[in-house]
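Have a look at final.tsv below; it lists TSV, C-alpha atoms.
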```
chain	number	residue	atom	x	y	z
I	13	MET	CA	101.33	68.73	96.80
I	14	ARG	CA	98.25	69.73	98.76
I	15	HIS	CA	96.84	72.86	100.34
I	16	PHE	CA	97.59	73.07	104.06
I	17	GLY	CA	100.09	70.26	103.53
I	18	HIS	CA	102.59	72.25	105.59
I	19	LEU	CA	100.47	71.65	108.69
I	20	ALA	CA	101.02	68.61	110.90
I	21	PRO	CA	98.56	65.76	110.14
I	22	GLU	CA	96.94	66.01	113.57
I	23	ARG	CA	96.37	69.74	113.07
I	24	ARG	CA	94.74	69.16	109.69
I	25	SER	CA	92.55	66.46	111.19
I	26	ALA	CA	91.34	68.86	113.88
I	27	LEU	CA	90.48	71.56	111.34
I	28	PHE	CA	88.96	69.63	108.45
I	29	HIS	CA	85.81	67.58	108.00
I	30	ARG	CA	87.35	66.58	104.67
I	31	GLU	CA	91.04	67.31	104.23
I	32	PRO	CA	92.38	68.88	101.03
I	33	ALA	CA	93.21	66.27	98.41
I	34	GLU	CA	96.72	65.70	97.13
I	35	PHE	CA	97.42	66.59	93.50
I	36	THR	CA	100.37	66.85	91.13
I	37	ALA	CA	101.35	69.16	88.28
I	38	ASP	CA	99.93	66.47	85.97
I	39	ALA	CA	96.41	66.76	87.43
I	40	PRO	CA	93.51	67.71	85.13
I	41	ALA	CA	93.45	71.39	84.15
I	42	ARG	CA	90.09	71.87	85.88
I	43	THR	CA	91.66	70.83	89.19
I	44	LEU	CA	94.85	72.86	88.71
I	45	ALA	CA	92.92	76.02	87.82
I	46	VAL	CA	91.17	75.95	91.19
I	47	ALA	CA	94.26	74.69	93.04
I	48	LEU	CA	96.31	77.75	92.01
I	49	GLY	CA	94.95	79.54	95.08
I	50	ALA	CA	97.13	82.48	96.05
I	51	THR	CA	99.63	82.77	93.21
I	52	LEU	CA	102.74	84.47	94.56
I	53	TYR	CA	104.72	86.67	92.15
I	54	SER	CA	108.48	87.14	92.44
I	55	PRO	CA	110.92	89.05	90.20
I	56	ALA	CA	113.13	86.71	88.17
I	57	THR	CA	116.15	88.83	89.06
I	58	ARG	CA	116.37	87.51	92.64
I	59	PRO	CA	119.75	85.76	93.09
I	60	GLY	CA	118.31	83.35	95.67
I	61	LEU	CA	115.17	82.59	93.69
I	62	ALA	CA	115.46	78.79	93.90
I	63	ALA	CA	115.86	78.90	97.67
I	64	ASP	CA	112.90	81.31	97.90
I	65	VAL	CA	110.70	78.91	95.92
I	66	VAL	CA	111.52	76.05	98.27
I	67	LYS	CA	110.98	78.23	101.35
I	68	GLN	CA	107.58	79.46	100.17
I	69	ALA	CA	106.47	75.93	99.32
I	70	ALA	CA	107.24	74.92	102.90
I	71	ARG	CA	104.98	77.76	104.07
I	72	GLY	CA	101.99	76.59	102.04
I	73	VAL	CA	102.46	78.35	98.67
I	74	VAL	CA	101.16	76.11	95.87
I	75	SER	CA	101.69	78.33	92.80
I	76	MET	CA	104.28	80.96	91.90
I	77	VAL	CA	104.95	83.26	88.95
I	78	LEU	CA	108.56	84.23	88.29
I	79	CYS	CA	108.31	87.54	86.50
I	80	LEU	CA	110.32	88.85	83.53
I	81	GLU	CA	107.86	91.63	82.76
I	82	ASP	CA	106.71	94.69	84.73
I	83	SER	CA	108.46	93.78	87.98
I	84	ILE	CA	111.91	94.23	86.45
I	85	ALA	CA	113.57	97.03	84.49
I	86	ASP	CA	113.94	96.75	80.72
I	87	ALA	CA	117.73	96.74	81.03
I	88	ASP	CA	117.60	93.72	83.36
I	89	VAL	CA	115.75	91.30	81.08
I	90	ASP	CA	118.77	89.45	79.66
I	91	GLY	CA	120.31	88.99	83.09
I	92	ALA	CA	116.98	87.90	84.54
I	93	GLU	CA	116.57	85.23	81.86
I	94	THR	CA	120.04	83.86	82.59
I	95	ASN	CA	119.33	83.88	86.31
I	96	LEU	CA	115.99	82.15	85.78
I	97	VAL	CA	117.57	79.31	83.78
I	98	ARG	CA	120.25	78.87	86.43
I	99	GLN	CA	117.70	78.83	89.26
I	100	PHE	CA	115.55	76.20	87.51
I	101	GLN	CA	118.60	74.02	87.03
I	102	GLN	CA	119.37	74.32	90.74
I	103	LEU	CA	115.82	73.24	91.55
I	104	ALA	CA	116.05	70.30	89.13
I	105	ARG	CA	119.27	69.12	90.76
I	106	GLY	CA	117.65	69.32	94.18
I	107	ASP	CA	120.19	71.83	95.49
I	108	HIS	CA	117.60	73.25	97.89
I	109	GLY	CA	115.38	70.22	98.49
I	110	PRO	CA	113.53	67.44	96.61
I	111	PRO	CA	112.09	68.72	93.28
I	112	GLY	CA	108.87	66.82	93.96
I	113	GLU	CA	107.95	69.25	96.75
I	114	LEU	CA	107.91	72.37	94.57
I	115	PRO	CA	104.85	74.52	93.82
I	116	LEU	CA	103.39	74.97	90.35
I	117	LEU	CA	105.86	77.30	88.63
I	118	PHE	CA	105.03	79.76	85.84
I	119	VAL	CA	107.13	82.40	84.09
I	120	ARG	CA	105.69	85.74	83.09
I	121	VAL	CA	107.27	86.70	79.76
I	122	ARG	CA	107.23	89.82	77.63
I	123	GLU	CA	107.35	88.39	74.11
I	124	PRO	CA	106.40	85.02	72.51
I	125	ALA	CA	110.01	84.22	71.53
I	126	GLN	CA	110.98	84.07	75.19
I	127	ILE	CA	108.83	80.96	75.66
I	128	ALA	CA	110.74	78.80	73.19
I	129	GLY	CA	114.09	80.31	74.17
I	130	LEU	CA	113.71	79.72	77.89
I	131	VAL	CA	112.46	76.14	77.57
I	132	ALA	CA	115.34	75.28	75.25
I	133	ARG	CA	117.90	76.80	77.62
I	134	MET	CA	116.43	75.07	80.66
I	135	GLY	CA	116.86	71.63	79.14
I	136	ASP	CA	115.72	68.85	81.46
I	137	ALA	CA	114.86	71.45	84.14
I	138	ALA	CA	111.90	72.55	81.99
I	139	ARG	CA	109.97	69.61	83.44
I	140	LEU	CA	109.49	71.74	86.56
I	141	LEU	CA	107.72	74.43	84.55
I	142	SER	CA	103.91	74.43	84.48
I	143	GLY	CA	103.57	77.22	81.95
I	144	PHE	CA	103.74	80.90	81.13
I	145	VAL	CA	101.84	84.04	82.06
I	146	LEU	CA	100.97	86.05	78.95
I	147	PRO	CA	100.79	89.83	79.52
I	148	LYS	CA	98.45	92.44	78.04
I	149	PHE	CA	96.45	89.74	76.33
I	150	THR	CA	94.21	90.56	73.37
I	151	GLU	CA	93.32	88.54	70.28
I	152	GLU	CA	96.08	90.22	68.26
I	153	ARG	CA	98.75	89.78	70.93
I	154	GLY	CA	97.50	86.49	72.29
I	155	VAL	CA	97.54	84.29	69.20
I	156	PRO	CA	101.36	84.50	68.73
I	157	PHE	CA	101.90	83.67	72.41
I	158	LEU	CA	99.63	80.63	72.31
I	159	ASP	CA	100.99	79.43	68.96
I	160	VAL	CA	104.55	79.45	70.32
I	161	LEU	CA	103.37	77.79	73.53
I	162	ALA	CA	101.80	74.91	71.60
I	163	GLU	CA	104.85	74.55	69.35
I	164	THR	CA	107.23	74.55	72.30
I	165	GLU	CA	105.18	71.97	74.15
I	166	ALA	CA	105.25	69.65	71.14
I	167	ALA	CA	108.94	70.18	70.44
I	168	HIS	CA	110.13	69.49	73.99
I	169	GLY	CA	107.53	67.01	75.22
I	170	VAL	CA	106.56	69.05	78.26
I	171	ARG	CA	103.08	70.03	79.39
I	172	LEU	CA	102.76	73.82	79.29
I	173	PHE	CA	99.76	76.00	80.13
I	174	GLY	CA	99.19	79.66	79.36
I	175	MET	CA	97.62	82.12	81.76
I	176	PRO	CA	96.60	85.26	79.84
I	177	VAL	CA	96.56	88.53	81.79
I	178	LEU	CA	93.61	90.73	80.90
I	179	GLU	CA	94.99	94.22	81.43
I	180	SER	CA	95.06	96.06	78.11
I	181	PRO	CA	93.59	99.58	77.67
I	182	GLU	CA	91.39	98.25	74.86
I	183	LEU	CA	89.61	96.07	77.41
I	184	LEU	CA	89.17	98.96	79.83
I	185	HIS	CA	87.94	101.58	77.35
I	186	LEU	CA	84.19	101.42	76.89
I	187	GLU	CA	84.21	102.01	73.13
I	188	SER	CA	86.49	99.02	72.47
I	189	ARG	CA	85.58	96.68	75.31
I	190	THR	CA	82.93	94.59	73.59
I	191	GLU	CA	85.05	93.94	70.52
I	192	THR	CA	88.17	93.23	72.61
I	193	LEU	CA	86.32	90.79	74.86
I	194	ALA	CA	84.88	88.99	71.85
I	195	GLY	CA	88.36	88.65	70.37
I	196	ILE	CA	89.78	87.31	73.64
I	197	ALA	CA	86.91	84.84	73.87
I	198	ARG	CA	87.59	83.56	70.33
I	199	THR	CA	91.27	83.14	71.09
I	200	VAL	CA	91.02	81.32	74.40
I	201	GLU	CA	88.28	79.04	73.06
I	202	LYS	CA	90.50	78.08	70.11
I	203	TYR	CA	93.32	77.20	72.52
I	204	ARG	CA	91.11	75.96	75.38
I	205	ASP	CA	93.34	72.98	76.17
I	206	ARG	CA	96.31	75.31	76.67
I	207	VAL	CA	94.60	78.01	78.77
I	208	LEU	CA	94.64	77.20	82.48
I	209	ALA	CA	93.13	80.40	83.89
I	210	LEU	CA	92.62	84.06	83.07
I	211	ARG	CA	94.24	86.66	85.33
I	212	LEU	CA	93.05	90.24	85.85
I	213	GLY	CA	95.59	93.09	85.70
I	214	VAL	CA	93.79	95.64	87.84
I	215	THR	CA	96.91	97.74	88.47
I	216	ASP	CA	97.17	98.41	84.73
I	217	PHE	CA	93.47	99.27	84.56
I	218	CYS	CA	93.92	101.87	87.29
I	219	SER	CA	97.07	103.20	85.65
I	220	ALA	CA	95.17	104.09	82.48
I	221	TYR	CA	93.23	106.70	84.48
I	222	GLY	CA	95.86	107.66	87.02
I	223	LEU	CA	93.99	105.85	89.82
I	224	ARG	CA	95.15	103.87	92.82
I	225	ARG	CA	92.89	102.37	95.47
I	226	THR	CA	93.76	102.91	99.12
I	227	PRO	CA	94.23	100.08	101.66
I	228	GLU	CA	90.70	100.73	102.88
I	229	MET	CA	89.20	100.17	99.40
I	230	THR	CA	88.72	97.03	97.35
I	231	ALA	CA	88.90	96.78	93.58
I	232	TYR	CA	85.10	96.74	93.61
I	233	ASP	CA	85.00	100.25	95.10
I	234	VAL	CA	86.71	101.58	91.94
I	235	GLN	CA	83.78	101.64	89.56
I	236	LEU	CA	85.86	101.64	86.37
I	237	VAL	CA	87.59	98.48	87.53
I	238	ALA	CA	84.44	96.84	88.87
I	239	SER	CA	82.70	97.30	85.52
I	240	VAL	CA	85.53	95.51	83.69
I	241	ILE	CA	85.56	92.62	86.17
I	242	ALA	CA	81.81	92.22	85.72
I	243	ASP	CA	82.10	92.17	81.92
I	244	VAL	CA	85.01	89.72	81.94
I	245	VAL	CA	83.11	87.29	84.16
I	246	ASN	CA	79.97	87.82	82.08
I	247	VAL	CA	81.70	86.76	78.86
I	248	LEU	CA	84.51	84.47	80.05
I	249	GLY	CA	83.47	83.08	83.43
I	250	ARG	CA	80.15	81.42	82.69
I	251	ALA	CA	79.19	78.22	84.51
I	252	ASP	CA	77.63	76.56	81.45
I	253	GLY	CA	80.78	74.77	80.36
I	254	THR	CA	82.03	77.57	78.10
I	255	GLY	CA	83.73	79.59	80.83
I	256	PHE	CA	87.23	79.70	82.31
I	257	THR	CA	88.59	80.17	85.80
I	258	VAL	CA	89.16	83.91	86.32
I	259	THR	CA	91.50	84.80	89.18
I	260	GLY	CA	91.20	87.71	91.59
I	261	PRO	CA	93.24	90.90	91.20
I	262	VAL	CA	96.42	91.65	93.10
I	263	TRP	CA	96.28	93.22	96.56
I	264	GLU	CA	99.25	95.57	96.51
I	265	TYR	CA	99.48	96.67	100.15
I	266	PHE	CA	101.50	95.09	102.91
I	267	ARG	CA	103.28	96.21	106.04
I	268	PRO	CA	106.15	94.65	107.98
I	269	GLN	CA	103.91	94.79	111.06
I	270	GLU	CA	101.41	92.37	109.51
I	271	ARG	CA	103.33	89.45	110.95
I	272	MET	CA	102.62	90.93	114.37
I	273	PHE	CA	99.02	89.74	114.32
I	274	LYS	CA	100.20	86.19	114.95
I	275	PRO	CA	100.28	86.58	118.76
I	276	GLN	CA	96.85	88.21	118.73
I	277	LEU	CA	95.44	85.24	116.84
I	278	ARG	CA	96.54	83.01	119.72
I	279	GLN	CA	95.00	85.08	122.48
I	280	SER	CA	91.68	84.73	124.27
I	281	PRO	CA	89.31	86.10	121.55
I	282	PHE	CA	90.16	83.09	119.40
I	283	LEU	CA	90.08	80.61	122.24
I	284	SER	CA	86.76	81.85	123.56
I	285	GLY	CA	85.18	81.94	120.11
I	286	ARG	CA	84.87	85.73	119.87
I	287	ALA	CA	85.90	85.98	116.23
I	288	GLU	CA	85.15	89.70	116.15
I	289	GLY	CA	88.13	90.28	118.41
I	290	ILE	CA	90.36	88.63	115.86
I	291	ARG	CA	88.82	90.64	113.05
I	292	THR	CA	89.59	93.82	115.01
I	293	ALA	CA	93.20	92.72	115.33
I	294	LEU	CA	93.37	92.16	111.59
I	295	ILE	CA	91.85	95.54	110.84
I	296	GLU	CA	94.47	97.20	113.00
I	297	HIS	CA	97.16	95.60	110.86
I	298	ALA	CA	95.76	96.65	107.47
I	299	MET	CA	94.44	93.20	106.52
I	300	ASP	CA	90.74	93.96	106.53
I	301	GLY	CA	90.77	95.41	103.01
I	302	LEU	CA	92.37	92.24	101.70
I	303	LEU	CA	89.87	90.00	103.50
I	304	ARG	CA	86.92	91.98	102.15
I	305	GLU	CA	88.32	91.88	98.63
I	306	ILE	CA	88.79	88.10	98.78
I	307	GLU	CA	85.17	87.70	99.87
I	308	LEU	CA	84.02	90.00	97.06
I	309	ASP	CA	86.17	88.12	94.55
I	310	ARG	CA	84.24	84.93	95.20
I	311	ALA	CA	80.88	86.71	95.28
I	312	ASN	CA	81.69	88.09	91.82
I	313	GLY	CA	82.75	84.79	90.28
I	314	LEU	CA	86.54	84.90	90.77
I	315	GLN	CA	88.71	82.11	92.18
I	316	GLY	CA	92.16	82.47	93.74
I	317	LYS	CA	94.22	85.65	93.72
I	318	THR	CA	97.42	87.24	92.49
I	319	CYS	CA	99.71	87.98	95.48
I	320	ILE	CA	102.90	90.00	95.71
I	321	HIS	CA	103.62	89.37	99.40
I	322	PRO	CA	103.78	86.06	101.31
I	323	SER	CA	101.67	87.46	104.16
I	324	HIS	CA	98.64	87.47	101.85
I	325	VAL	CA	98.79	83.79	100.92
I	326	THR	CA	97.42	82.39	104.18
I	327	ALA	CA	94.41	84.72	104.08
I	328	VAL	CA	93.52	83.70	100.51
I	329	HIS	CA	93.78	80.00	101.34
I	330	ALA	CA	91.89	80.26	104.63
I	331	LEU	CA	88.98	81.94	102.86
I	332	SER	CA	89.09	79.34	100.06
I	333	VAL	CA	88.27	76.45	102.40
I	334	VAL	CA	84.66	75.35	102.05
I	335	SER	CA	82.73	75.83	105.27
I	336	HIS	CA	80.81	72.94	106.75
I	337	GLU	CA	77.57	74.78	106.05
I	338	GLU	CA	78.46	75.33	102.37
I	339	PHE	CA	79.37	71.66	102.07
I	340	CYS	CA	76.04	70.53	103.53
I	341	ASP	CA	74.12	72.81	101.18
I	342	ALA	CA	76.10	71.71	98.11
I	343	THR	CA	75.77	67.99	98.83
I	344	ASP	CA	72.04	68.40	99.46
I	345	VAL	CA	71.56	70.13	96.12
I	346	LEU	CA	73.51	67.45	94.24
I	347	ARG	CA	71.88	64.36	95.73
I	348	PRO	CA	70.85	62.02	92.87
I	349	GLU	CA	67.28	61.82	94.11
I	350	ARG	CA	66.97	65.58	93.57
I	351	ASP	CA	67.85	65.52	89.86
I	352	GLY	CA	64.30	66.46	89.02
I	353	GLY	CA	64.56	69.75	90.86
I	354	GLY	CA	62.64	71.10	93.80
I	355	VAL	CA	63.34	73.17	96.86
I	356	MET	CA	64.32	72.27	100.42
I	357	ARG	CA	65.27	73.82	103.72
I	358	SER	CA	69.01	73.76	104.36
I	359	ALA	CA	70.52	71.40	106.94
I	360	TYR	CA	71.40	74.50	108.96
I	361	THR	CA	67.72	75.56	108.76
I	362	ASN	CA	68.65	79.13	107.77
I	363	LYS	CA	68.09	79.26	104.03
I	364	MET	CA	66.34	77.79	101.01
I	365	ASN	CA	68.24	75.47	98.65
I	366	GLU	CA	66.67	75.32	95.22
I	367	VAL	CA	68.08	72.42	93.21
I	368	LYS	CA	68.19	73.68	89.64
I	369	PRO	CA	69.30	77.31	90.22
I	370	HIS	CA	71.92	76.28	92.81
I	371	ARG	CA	73.37	73.30	90.92
I	372	ALA	CA	76.26	75.14	89.23
I	373	TRP	CA	77.18	76.80	92.53
I	374	ALA	CA	77.11	73.43	94.28
I	375	GLU	CA	79.37	71.81	91.68
I	376	ARG	CA	81.90	74.62	91.95
I	377	THR	CA	81.75	74.49	95.73
I	378	LEU	CA	82.47	70.77	95.90
I	379	LEU	CA	85.42	71.14	93.50
I	380	ARG	CA	86.81	73.88	95.73
I	381	GLY	CA	86.21	71.63	98.72
I	382	GLU	CA	88.16	68.82	97.08
I	383	VAL	CA	91.16	71.10	96.54
I	384	PHE	CA	91.06	73.28	99.69
I	385	GLY	CA	89.20	70.97	102.02
I	386	VAL	CA	85.98	71.25	104.02
I	387	ALA	CA	86.18	72.75	107.50
I	388	ARG	CA	84.80	70.89	110.48
I	389	GLU	CA	81.53	72.13	111.90
I	390	GLY	CA	82.23	75.19	114.02
I	391	VAL	CA	85.68	75.84	112.51
I	392	SER	CA	85.87	79.34	111.03
I	393	PHE	CA	88.35	80.98	108.71
I	394	VAL	CA	89.92	82.60	111.79
I	395	GLU	CA	91.12	79.22	113.03
I	396	LEU	CA	92.32	78.27	109.55
I	397	LEU	CA	94.15	81.59	109.31
I	398	ALA	CA	95.71	81.14	112.74
I	399	ALA	CA	96.89	77.65	111.85
I	400	GLY	CA	98.65	78.89	108.73
I	401	VAL	CA	100.40	81.94	110.20
I	402	LYS	CA	104.08	81.36	110.92
```
Please re-express this file's structure in C-alpha cells.
Amino acid sequence: MRHFGHLAPERRSALFHREPAEFTADAPARTLAVALGATLYSPATRPGLAADVVKQAARGVVSMVLCLEDSIADADVDGAETNLVRQFQQLARGDHGPPGELPLLFVRVREPAQIAGLVARMGDAARLLSGFVLPKFTEERGVPFLDVLAETEAAHGVRLFGMPVLESPELLHLESRTETLAGIARTVEKYRDRVLALRLGVTDFCSAYGLRRTPEMTAYDVQLVASVIADVVNVLGRADGTGFTVTGPVWEYFRPQERMFKPQLRQSPFLSGRAEGIRTALIEHAMDGLLREIELDRANGLQGKTCIHPSHVTAVHALSVVSHEEFCDATDVLRPERDGGGVMRSAYTNKMNEVKPHRAWAERTLLRGEVFGVAREGVSFVELLAAGVK
C-alpha cells in the first residue's frame, strides 16, 4: 500500500518531487506509526463492513478501526463480534477484492478477553488484523490488555500492535494527571514493541466537563483539552528516542454538502494560483476548522488523526505531505558535513536553519516525507487536496 496510491501514476508524478514509498503491514513499527495517517473509524455492526473497507481503501484510506466500543450500544456487542468475524473472513476469501489491497485494520475492543476471543474465532483471517485499539487506557487498565495482546500474538503467530486511547478522567483531572501519566509511561515503555501509537480521546475529555467544541473551534481552543494534549506530548511524545507517536484528536463535524466543494476546487482560483479563493470555498463548507486543527496538531507534536467521516481523510493526508521547502530545509540540516553543528540560511532564503536544534525536526520531517511524499516546488496542499477529492 502507499499514500496517494489511488491516484494515476502520471498524476502522482506531476504532484510529487518524491513520491510516497510503498509499504506493507509488515513494515517497521516506526514507519507504520507515521503511515497511519487519517485513521477512519467505523462501527463493527455495519452489515456491509467488508465492502466498505475495500471501498475506502480504493479512495486512499490506509488505516481503519472497526469499533466494538463507544460507537455501538451495549446490547449490540455480541452481534457486532459475530459480524466482525464474518466480515474478516469475507475479506480473507477475497469476496470484495484482493486481500493484499486492504488498509491496516484494527479493532477497538472493550475488554482484554475480546482480543484472544476474536483472533481465535477469525482463524486464518486474523492475518489481516494489524492490532487492537485499547480504550480508556491507564496503567491499571492497560497492563491486562497488553498482556493478553502479547499472549495472543504468541499463541497464533500473528503480529499484533496495541494502540492505547488516552481518554480517562484520571488523565484529565489535575490532581491525578501527573501520577496517571507516569503510570501510562511505565506501561507503554514495558511493552514498547507492542505499542504502535497513542491516540487521544478528546471527546471523552470534553464529556467529563459537559463541553463540546463548535465547528469554528479546534481542540486547542478548549483550554482543558489543550493542557492535557500538552502534558501527554511532554511526557510521551519526546524526540529523544523515548517517545511514541501521538495521534491527533477526532474532528466530529461533517456535512453532506462537504462533497460540494469538489467543483470549486477545479475552478479558476486553483488554476490561476489564487489559493485564498479555494480556502474561502472550504470555509463556506465547514472545513476550515478541520484544516486549522490539523495544522495545530503538527505544531503541537501530533501525527495523523482519528477520523469518523471519509470526507476528512483527504484533508489529513494532503496536509501530511512534506512541502518542497520543508524538504530542502530538512536535507540541509542533515547533511553529513554539518554534523558538527552551525547555522545557515535556508535554500528558500527566508529563514535560519540551525543544525543541532533543528535535527530532530528534520529527522521526523524526512520520515514523514518518505511515507507521504514530498511535493514538487510550487505544489501546495490545495492541489494535493483537489487531486484526492472524488
- Message: Here is a test: counting only C-alpha atoms, which residue of I:Arg105, I:Arg98, I:Arg171, I:His370 is nearest to I:Gly60?
- Response: I:Arg98
- In Å, rounded to a single decimal, give me how far atom CA of I:Arg153 is from atom CA of I:Ala220. 18.7 Å
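Across I:Arg357, I:Arg42, I:Arg304, I:Arg225, the tightest approach to I:Gly253 is made by I:Arg42 when counting all atoms listed in the file.
With all atoms listed in the file as the atoms that count, the minimum distance from I:His108 to the choices I:Ala70, I:Ala132, I:Pro322, I:Gln126 is reached by I:Ala70.
Closest approach to I:Thr226 among I:Leu378, I:Ala387, I:Leu302, I:Cys319: I:Leu302, based on all atoms listed in the file.
Considering the residues I:Ser83, I:Gln235, I:Ser332, I:Ser180 and counting all atoms listed in the file, I:Arg310 has its shortest atom-to-atom contact with I:Ser332.
Computed from the coordinates, the atom CA of I:Asp341 to atom CA of I:Arg23 distance equals 25.4 Å.
With distances taken from (90.8, 75.6, 82.6) and restricted to all atoms listed in the file, the residues inside 7 Å are Ala41, Arg42, Ala45, Val207, Leu208, Ala209, Phe256 and Thr257 of chain I.
Between atom CA of I:Ala56 and atom CA of I:Ala87 the separation is 13.1 Å.
Shortest separation to I:Thr259 among I:Leu236, I:Leu178, I:Leu80, I:Leu117 occurs at residue I:Leu178, atoms counted being only C-alpha atoms.
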- Could you tell me, as a PyMOL selection string, which residues have any atom at most 12 Å from (84.1, 84.0, 85.7), counting all atoms listed in the file? chain I and resi 209-212+240-260+309-316+376
- Shell around I:Thr215 at 8 Å using all atoms listed in the file, local window under 2 positions removed, as a ChimeraX atom specification: /I:213,217-219,224,262
What's around I:Glu182 at 12 Å? Count all atoms listed in the file, leave out sequence neighbours fewer than 2 positions away in its own chain, and write the answer as a PDB file with C-alpha atoms, keeping the file's coordinate frame.
```
ATOM      1  CA  LYS I 148      98.450  92.440  78.040  1.00  0.00           C
ATOM      2  CA  PHE I 149      96.450  89.740  76.330  1.00  0.00           C
ATOM      3  CA  THR I 150      94.210  90.560  73.370  1.00  0.00           C
ATOM      4  CA  GLU I 151      93.320  88.540  70.280  1.00  0.00           C
ATOM      5  CA  GLU I 152      96.080  90.220  68.260  1.00  0.00           C
ATOM      6  CA  ARG I 153      98.750  89.780  70.930  1.00  0.00           C
ATOM      7  CA  LEU I 178      93.610  90.730  80.900  1.00  0.00           C
ATOM      8  CA  GLU I 179      94.990  94.220  81.430  1.00  0.00           C
ATOM      9  CA  SER I 180      95.060  96.060  78.110  1.00  0.00           C
ATOM     10  CA  LEU I 184      89.170  98.960  79.830  1.00  0.00           C
ATOM     11  CA  HIS I 185      87.940 101.580  77.350  1.00  0.00           C
ATOM     12  CA  LEU I 186      84.190 101.420  76.890  1.00  0.00           C
ATOM     13  CA  GLU I 187      84.210 102.010  73.130  1.00  0.00           C
ATOM     14  CA  SER I 188      86.490  99.020  72.470  1.00  0.00           C
ATOM     15  CA  ARG I 189      85.580  96.680  75.310  1.00  0.00           C
ATOM     16  CA  THR I 190      82.930  94.590  73.590  1.00  0.00           C
ATOM     17  CA  GLU I 191      85.050  93.940  70.520  1.00  0.00           C
ATOM     18  CA  THR I 192      88.170  93.230  72.610  1.00  0.00           C
ATOM     19  CA  LEU I 193      86.320  90.790  74.860  1.00  0.00           C
ATOM     20  CA  ALA I 194      84.880  88.990  71.850  1.00  0.00           C
ATOM     21  CA  GLY I 195      88.360  88.650  70.370  1.00  0.00           C
ATOM     22  CA  ILE I 196      89.780  87.310  73.640  1.00  0.00           C
ATOM     23  CA  ASP I 216      97.170  98.410  84.730  1.00  0.00           C
ATOM     24  CA  PHE I 217      93.470  99.270  84.560  1.00  0.00           C
ATOM     25  CA  ALA I 220      95.170 104.090  82.480  1.00  0.00           C
ATOM     26  CA  VAL I 240      85.530  95.510  83.690  1.00  0.00           C
TER      27      VAL I 240
END
```
- Query: Quick one: residues within 8 Å of I:Glu93, all atoms listed in the file counted, chain neighbours fewer than 2 positions away excluded, as a PyMOL selection string?
  - Reply: chain I and resi 56+80+89-91+95-97+130
Export stretch 131-135 of chain I of the preceding structure, keeping all heavy atoms, as a compact mmCIF listing (two decimals), in the first residue's frame.
```txt
# COMPACT_ATOMS: atom_id res chain seq x y z
N VAL I 131 -9.48 -13.19 17.81
CA VAL I 131 -8.42 -13.77 16.98
C VAL I 131 -8.66 -15.26 16.78
O VAL I 131 -8.50 -15.80 15.68
CB VAL I 131 -7.04 -13.49 17.59
CG1 VAL I 131 -5.95 -14.26 16.85
CG2 VAL I 131 -6.73 -12.00 17.57
N ALA I 132 -9.07 -15.94 17.85
CA ALA I 132 -9.34 -17.37 17.74
C ALA I 132 -10.50 -17.63 16.78
O ALA I 132 -10.45 -18.55 15.95
CB ALA I 132 -9.65 -17.95 19.12
N ARG I 133 -11.55 -16.83 16.87
CA ARG I 133 -12.71 -17.03 16.01
C ARG I 133 -12.42 -16.68 14.55
O ARG I 133 -13.00 -17.26 13.64
CB ARG I 133 -13.89 -16.20 16.52
CG ARG I 133 -14.44 -16.69 17.85
CD ARG I 133 -15.43 -15.70 18.44
NE ARG I 133 -16.64 -15.57 17.63
CZ ARG I 133 -17.63 -14.71 17.90
NH1 ARG I 133 -17.52 -13.90 18.95
NH2 ARG I 133 -18.69 -14.66 17.12
N MET I 134 -11.53 -15.73 14.32
CA MET I 134 -11.20 -15.34 12.95
C MET I 134 -10.42 -16.42 12.22
O MET I 134 -10.48 -16.51 11.00
CB MET I 134 -10.39 -14.04 12.96
CG MET I 134 -11.19 -12.81 13.27
SD MET I 134 -10.12 -11.34 13.25
CE MET I 134 -11.28 -10.09 13.79
N GLY I 135 -9.66 -17.22 12.94
CA GLY I 135 -8.85 -18.23 12.29
C GLY I 135 -7.82 -17.62 11.37
O GLY I 135 -7.14 -16.64 11.72
```
